[in-house]
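This report concerns only the one structure given below.
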Amino acid sequence: MPKLDRYLLGDFLQSFLATLIVLLVVSLGGVLVDVLGEIADGGLPARLLLSQLGLQLLVYLPLVLPLALMLGLMLSVARLYRDSEMAVLNAVGVGPRRLLRPLLLVALPVALAVGVCSLWLGPWAQRTGAQMVEQANRSLIVAGLEPGRFTSLPSDGGIVYVDAMAEDGATLRGVFLQREREGRIDVMTAREGDLQFEGERSRYLQLREGQRLEGPLDGALDFRLMRYAINEVALPDRAETRDRDDPALAPTPDLIGDGRPEAIAELHARLTPPLLALGFALLTLPLGRSSPRQQRYGRLMLGFLAYLVCVNLMFIGTRMLAEGELPGLVGLWWLTLPLLALAAWLYLRDGRVSRPRRSAA
């Protein structure tokens, strides 16, 4: 590999990795807020925080990687123009087309990684996350209950203590439950209990052979003590479970033969990110061109806005495909093919000097 290609490749790769790290940290914060919100609402067990965080981050990678590639390459190209390195390269006969080789050495592997994440890793992460949540909804072990320890239920559901627990995580022995509702305290004990389900999201704890003590919290003496054979206590609703035929959970090969509009929309939504990554990688050179006195980050913001517009158009087109407003043959090609054509045209004409006009004698 020529020394110039090694230099540019190292510069492009370093700038891309630095931008990717920053965007991953920002994305991780947003995903963490969403997961913590589901845990606070009681729809997601707290012990699934790290696993769901990592799986959701894989889902967002097809959108983060193209943006990191574009911004990183634009920062590197802008630095070349700012430090007059591009002027030196042009002076020795190295034009923008000569930069295509190191540019593609960075862009093609990233576009391939985007395709892998979009076509395989992302759907796998969504399926795995849905299975973990479904399994957690049917087990009290994952919900945080452990024998010999007081555990707080989410959404102010109370405090639970159990002496023993079966291996399946659904049957309990020696249950103590304390709750506070509407200014009254409710304490229940039971010899045994288990977890029951009703409908899609409702779940409750069925206690058997125990006592219940209920009274006010303001110091009054209005207490009631009762014995019961069976007592059912409502627990916070579990997380929403996704349908097994949801196209977002299906592997990519299964979507090819599926004629449903939702499946066609999901297939095109997975094919679009790698093409966007390649198109915006080719746009970095014409967008990153600047004069020595020009603002460095002016065109960077222009490229960022162009990326946001294309991503929003992708989301709008996916919704229109899912609702049948766009034919399946059109798909999202109306977005990706013009973008690739425009990027190739701008790249080929970048830095070209126009011919002088002939004037009549």
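Labeling convention for the structure tokens: chains A, B, ... as they appear, residues from 1 per chain, ligands from 1 in order of appearance.
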
Test item: residues at most 9 Å from Cys117 of chain A, only C-alpha atoms, excluding those fewer than 4 positions along its chain, as a PDB file with C-alpha atoms, in the first residue's frame:
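The file below, part20.pdb, is the result:
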```pdb
ATOM      1  CA  LEU A  58     -27.300  -3.563  19.116  1.00  0.00           C
ATOM      2  CA  VAL A  59     -30.678  -2.557  17.693  1.00  0.00           C
ATOM      3  CA  TYR A  60     -29.569   1.087  17.368  1.00  0.00           C
ATOM      4  CA  LEU A  61     -26.148   0.334  15.857  1.00  0.00           C
ATOM      5  CA  PRO A  62     -27.412   0.418  12.209  1.00  0.00           C
ATOM      6  CA  LEU A 112     -20.649  -4.336   5.854  1.00  0.00           C
ATOM      7  CA  ALA A 113     -20.834  -4.082   9.653  1.00  0.00           C
ATOM      8  CA  LEU A 121     -27.690  -8.844  14.919  1.00  0.00           C
ATOM      9  CA  GLY A 122     -30.556  -6.371  15.325  1.00  0.00           C
ATOM     10  CA  PRO A 123     -33.395  -8.879  14.780  1.00  0.00           C
ATOM     11  CA  ARG A 270     -33.151  -3.530   7.217  1.00  0.00           C
TER      12      ARG A 270
END
```

Neighbours of Met132 of chain A within 10 Å (only C-alpha atoms; same-chain residues fewer than 6 positions away dropped), as a ChimeraX atom specification? /A:48,51-52,126,142

Residue selection dump (N, CA and C atoms) as an mmCIF file, in the first residue's frame:
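That gives us part_29.cif:
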```
data_model
loop_
_atom_site.group_PDB
_atom_site.id
_atom_site.type_symbol
_atom_site.label_atom_id
_atom_site.label_comp_id
_atom_site.auth_asym_id
_atom_site.auth_seq_id
_atom_site.Cartn_x
_atom_site.Cartn_y
_atom_site.Cartn_z
ATOM 1 N N LEU A 48 -32.715 -7.508 34.634
ATOM 2 C CA LEU A 48 -32.506 -7.549 33.195
ATOM 3 C C LEU A 48 -31.955 -6.235 32.660
ATOM 4 N N SER A 51 -28.563 -6.720 30.495
ATOM 5 C CA SER A 51 -28.803 -7.508 29.284
ATOM 6 C C SER A 51 -29.668 -6.745 28.287
ATOM 7 N N GLN A 52 -30.739 -6.107 28.763
ATOM 8 C CA GLN A 52 -31.589 -5.336 27.864
ATOM 9 C C GLN A 52 -30.866 -4.115 27.322
ATOM 10 N N GLN A 126 -33.550 -8.289 19.206
ATOM 11 C CA GLN A 126 -34.955 -8.072 19.555
ATOM 12 C C GLN A 126 -35.631 -9.381 19.958
ATOM 13 N N VAL A 142 -36.265 -14.004 38.654
ATOM 14 C CA VAL A 142 -35.717 -12.901 37.897
ATOM 15 C C VAL A 142 -36.307 -11.582 38.363
#
```

Coordinates-based distance that separates atom CA of Val311 of chain A from atom CA of Leu71 of chain A (Å, one decimal): 15.0 Å

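Of note, atom CA of Ala344 of chain A and atom CA of Met70 of chain A are spaced 14.9 Å apart.
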
How many Å lie between atom CA of Leu283 of chain A and atom CA of Leu346 of chain A, rounded to one decimal?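 Separation of atom CA of Leu283 of chain A and atom CA of Leu346 of chain A: 7.1 Å.
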
For Pro253 of chain A, find every residue with an atom within 10 Å (counting only C-alpha atoms), except residues of its own chain fewer than 2 positions away, and show them as a list in words. Leu119, Trp120, Ala250, Pro251, Leu255, Ile256, Gly257, Asp258 and Leu267 of chain A

I need the chosen residues saved as a compact mmCIF listing (two decimals), in the first residue's frame, with all heavy atoms.
```txt
# COMPACT_ATOMS: atom_id res chain seq x y z
N LEU A 119 -29.28 -6.68 9.36
CA LEU A 119 -29.93 -7.88 8.83
C LEU A 119 -29.91 -9.06 9.80
O LEU A 119 -30.78 -9.94 9.70
CB LEU A 119 -29.27 -8.29 7.52
CG LEU A 119 -29.37 -7.28 6.37
CD1 LEU A 119 -28.55 -7.75 5.19
CD2 LEU A 119 -30.81 -7.05 5.97
N TRP A 120 -28.96 -9.09 10.71
CA TRP A 120 -28.83 -10.26 11.58
C TRP A 120 -28.80 -9.92 13.07
O TRP A 120 -29.64 -10.39 13.83
CB TRP A 120 -27.57 -11.05 11.20
CG TRP A 120 -27.36 -12.26 12.06
CD1 TRP A 120 -28.19 -13.34 12.17
CD2 TRP A 120 -26.27 -12.49 12.97
NE1 TRP A 120 -27.68 -14.23 13.08
CE2 TRP A 120 -26.50 -13.74 13.58
CE3 TRP A 120 -25.13 -11.77 13.30
CZ2 TRP A 120 -25.62 -14.27 14.53
CZ3 TRP A 120 -24.26 -12.30 14.25
CH2 TRP A 120 -24.51 -13.54 14.84
N ALA A 250 -38.68 -11.47 13.26
CA ALA A 250 -38.43 -12.56 12.33
C ALA A 250 -37.03 -12.44 11.73
O ALA A 250 -36.53 -11.33 11.52
CB ALA A 250 -39.46 -12.55 11.21
N PRO A 251 -36.37 -13.55 11.46
CA PRO A 251 -35.09 -13.50 10.74
C PRO A 251 -35.29 -12.93 9.34
O PRO A 251 -36.37 -13.03 8.75
CB PRO A 251 -34.64 -14.96 10.70
CG PRO A 251 -35.42 -15.64 11.79
CD PRO A 251 -36.73 -14.92 11.88
N LEU A 255 -38.46 -13.00 5.93
CA LEU A 255 -39.21 -11.85 5.42
C LEU A 255 -39.25 -11.80 3.91
O LEU A 255 -40.11 -11.12 3.34
CB LEU A 255 -38.57 -10.55 5.95
CG LEU A 255 -38.59 -10.34 7.48
CD1 LEU A 255 -37.87 -9.05 7.83
CD2 LEU A 255 -40.01 -10.32 8.01
N ILE A 256 -38.33 -12.50 3.26
CA ILE A 256 -38.27 -12.41 1.79
C ILE A 256 -39.51 -13.01 1.15
O ILE A 256 -40.07 -12.46 0.20
CB ILE A 256 -36.99 -13.11 1.29
CG1 ILE A 256 -35.75 -12.39 1.85
CG2 ILE A 256 -36.95 -13.13 -0.24
CD1 ILE A 256 -34.44 -13.03 1.45
N GLY A 257 -39.99 -14.14 1.66
CA GLY A 257 -41.17 -14.76 1.08
C GLY A 257 -42.47 -14.33 1.72
O GLY A 257 -43.53 -14.85 1.35
N ASP A 258 -42.43 -13.41 2.67
CA ASP A 258 -43.63 -12.96 3.37
C ASP A 258 -44.24 -11.79 2.60
O ASP A 258 -43.58 -10.77 2.36
CB ASP A 258 -43.28 -12.52 4.79
CG ASP A 258 -44.52 -12.45 5.69
OD1 ASP A 258 -45.61 -12.22 5.15
OD2 ASP A 258 -44.38 -12.63 6.91
N LEU A 267 -38.37 -5.56 5.90
CA LEU A 267 -37.26 -5.98 5.05
C LEU A 267 -36.54 -4.78 4.45
O LEU A 267 -35.29 -4.72 4.45
CB LEU A 267 -37.78 -6.91 3.95
CG LEU A 267 -36.74 -7.41 2.95
CD1 LEU A 267 -35.66 -8.23 3.65
CD2 LEU A 267 -37.41 -8.23 1.85
```

Ranking A:Ala130, A:Val22, A:Asn231, A:Tyr7 by minimum distance to Gln56 of chain A and counting only C-alpha atoms, which one comes first?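 Counting only C-alpha atoms, the residue closest to Gln56 of chain A is A:Ala130.
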
Test item: residues at most 12 Å from Arg97 of chain A, only C-alpha atoms, excluding those fewer than 4 positions along its chain, as a PyMOL selection string: chain A and resi 89-90+93+101-104+282+285-286+344-352

Could you list, as JSON, numbers by chain, every residue within 9 Å of Arg173 of chain A, counting only C-alpha atoms and ignoring same-chain residues fewer than 6 positions away? {"A": [147, 162, 163, 164, 165, 166, 190, 191, 192, 193, 194]}

So that I have them on file, write out the residues from the current selection with N, CA, C and O atoms, as a compact mmCIF listing (two decimals), in the first residue's frame.
```txt
# COMPACT_ATOMS: atom_id res chain seq x y z
N PRO A 147 -35.04 -16.16 48.61
CA PRO A 147 -35.38 -16.64 49.96
C PRO A 147 -34.48 -15.99 51.01
O PRO A 147 -33.28 -15.80 50.81
N VAL A 162 -39.83 -14.18 51.67
CA VAL A 162 -40.17 -15.60 51.54
C VAL A 162 -39.11 -16.43 52.24
O VAL A 162 -37.92 -16.06 52.27
N ASP A 163 -39.56 -17.54 52.82
CA ASP A 163 -38.63 -18.46 53.49
C ASP A 163 -37.95 -19.39 52.49
O ASP A 163 -36.76 -19.69 52.62
N ALA A 164 -38.71 -19.88 51.52
CA ALA A 164 -38.16 -20.83 50.56
C ALA A 164 -38.87 -20.64 49.22
O ALA A 164 -39.95 -20.07 49.14
N MET A 165 -38.24 -21.16 48.18
CA MET A 165 -38.76 -21.00 46.84
C MET A 165 -38.46 -22.26 46.03
O MET A 165 -37.38 -22.85 46.17
N ALA A 166 -39.44 -22.67 45.22
CA ALA A 166 -39.25 -23.85 44.38
C ALA A 166 -38.27 -23.54 43.25
O ALA A 166 -37.96 -22.39 42.96
N ALA A 190 -48.64 -16.08 54.75
CA ALA A 190 -49.23 -17.28 54.14
C ALA A 190 -48.23 -18.42 54.24
O ALA A 190 -47.01 -18.21 54.26
N ARG A 191 -48.79 -19.63 54.29
CA ARG A 191 -47.93 -20.81 54.35
C ARG A 191 -47.26 -21.05 53.01
O ARG A 191 -46.09 -21.44 52.96
N GLU A 192 -47.98 -20.78 51.90
CA GLU A 192 -47.41 -20.94 50.58
C GLU A 192 -48.15 -20.04 49.60
O GLU A 192 -49.22 -19.49 49.91
N GLY A 193 -47.58 -19.88 48.43
CA GLY A 193 -48.20 -19.06 47.39
C GLY A 193 -47.52 -19.33 46.07
O GLY A 193 -46.47 -19.95 45.99
N ASP A 194 -48.14 -18.84 44.99
CA ASP A 194 -47.55 -18.98 43.66
C ASP A 194 -48.01 -17.83 42.79
O ASP A 194 -48.92 -17.07 43.13
```

Tell me, as a PyMOL selection string, which residues lie within 12 Å of segment 26-30 of chain A, counting only C-alpha atoms; anything in the same chain fewer than 3 positions away does not count. chain A and resi 19-23+33-37+50+52-61+63-65+67-68

Those of segment 87-335 of chain A in DSSP strand (DSSP E or B), formatted as a PyMOL selection string: chain A and resi 151-153+158-165+171-181+184-198+202-216+224-234

Selection from above, C-alpha atoms, as an mmCIF file, in the first residue's frame, can you write it?
```cif
data_model
loop_
_atom_site.group_PDB
_atom_site.id
_atom_site.type_symbol
_atom_site.label_atom_id
_atom_site.label_comp_id
_atom_site.auth_asym_id
_atom_site.auth_seq_id
_atom_site.Cartn_x
_atom_site.Cartn_y
_atom_site.Cartn_z
ATOM 1 C CA THR A 151 -37.573 -7.412 48.449
ATOM 2 C CA SER A 152 -39.381 -4.246 47.320
ATOM 3 C CA LEU A 153 -41.843 -4.731 44.488
ATOM 4 C CA GLY A 158 -45.039 -3.484 48.716
ATOM 5 C CA ILE A 159 -42.342 -5.511 50.449
ATOM 6 C CA VAL A 160 -42.138 -9.306 50.181
ATOM 7 C CA TYR A 161 -40.232 -11.853 52.243
ATOM 8 C CA VAL A 162 -40.167 -15.599 51.538
ATOM 9 C CA ASP A 163 -38.628 -18.461 53.485
ATOM 10 C CA ALA A 164 -38.162 -20.829 50.557
ATOM 11 C CA MET A 165 -38.764 -20.998 46.836
ATOM 12 C CA THR A 171 -44.010 -21.466 44.037
ATOM 13 C CA LEU A 172 -43.183 -19.860 47.395
ATOM 14 C CA ARG A 173 -43.096 -21.089 50.986
ATOM 15 C CA GLY A 174 -43.547 -18.933 54.095
ATOM 16 C CA VAL A 175 -44.653 -15.642 52.487
ATOM 17 C CA PHE A 176 -44.761 -12.244 54.215
ATOM 18 C CA LEU A 177 -46.207 -9.238 52.319
ATOM 19 C CA GLN A 178 -46.598 -5.670 53.589
ATOM 20 C CA ARG A 179 -48.264 -2.886 51.584
ATOM 21 C CA GLU A 180 -49.461 0.685 52.180
ATOM 22 C CA ARG A 181 -52.494 1.969 50.294
ATOM 23 C CA ARG A 184 -53.802 2.067 55.518
ATOM 24 C CA ILE A 185 -51.284 -0.689 56.100
ATOM 25 C CA ASP A 186 -51.905 -4.223 54.930
ATOM 26 C CA VAL A 187 -49.813 -7.110 56.273
ATOM 27 C CA MET A 188 -50.326 -10.666 55.015
ATOM 28 C CA THR A 189 -48.682 -13.948 55.870
ATOM 29 C CA ALA A 190 -49.225 -17.279 54.143
ATOM 30 C CA ARG A 191 -47.930 -20.807 54.348
ATOM 31 C CA GLU A 192 -47.408 -20.943 50.582
ATOM 32 C CA GLY A 193 -48.200 -19.058 47.395
ATOM 33 C CA ASP A 194 -47.551 -18.984 43.663
ATOM 34 C CA LEU A 195 -47.610 -16.617 40.715
ATOM 35 C CA GLN A 196 -50.726 -16.535 38.514
ATOM 36 C CA PHE A 197 -51.465 -14.821 35.191
ATOM 37 C CA GLU A 198 -54.642 -13.317 33.780
ATOM 38 C CA SER A 202 -52.043 -8.884 34.480
ATOM 39 C CA ARG A 203 -50.423 -11.063 37.135
ATOM 40 C CA TYR A 204 -51.138 -11.669 40.793
ATOM 41 C CA LEU A 205 -49.813 -13.589 43.760
ATOM 42 C CA GLN A 206 -52.096 -16.304 45.098
ATOM 43 C CA LEU A 207 -51.534 -16.859 48.820
ATOM 44 C CA ARG A 208 -52.935 -19.904 50.644
ATOM 45 C CA GLU A 209 -53.573 -20.672 54.333
ATOM 46 C CA GLY A 210 -52.576 -17.432 56.018
ATOM 47 C CA GLN A 211 -53.613 -14.353 57.994
ATOM 48 C CA ARG A 212 -54.226 -10.736 57.021
ATOM 49 C CA LEU A 213 -53.910 -7.686 59.280
ATOM 50 C CA GLU A 214 -55.245 -4.353 58.024
ATOM 51 C CA GLY A 215 -55.294 -1.002 59.826
ATOM 52 C CA PRO A 216 -54.762 2.786 59.596
ATOM 53 C CA ARG A 224 -58.945 -5.994 61.417
ATOM 54 C CA LEU A 225 -57.481 -9.483 61.615
ATOM 55 C CA MET A 226 -58.764 -12.281 59.420
ATOM 56 C CA ARG A 227 -57.797 -15.772 58.363
ATOM 57 C CA TYR A 228 -58.125 -16.948 54.797
ATOM 58 C CA ALA A 229 -57.779 -20.104 52.777
ATOM 59 C CA ILE A 230 -56.934 -18.336 49.505
ATOM 60 C CA ASN A 231 -56.066 -14.663 49.022
ATOM 61 C CA GLU A 232 -55.091 -13.124 45.694
ATOM 62 C CA VAL A 233 -52.851 -10.036 45.655
ATOM 63 C CA ALA A 234 -52.434 -8.024 42.450
#
```

To test your reading of the structure, identify every residue in segment 5-104 of chain A that backbone DSSP assigns to alpha helix (DSSP H), and report it as number ranges by chain. A: 5-40, 49-82, 85-91, 100-104
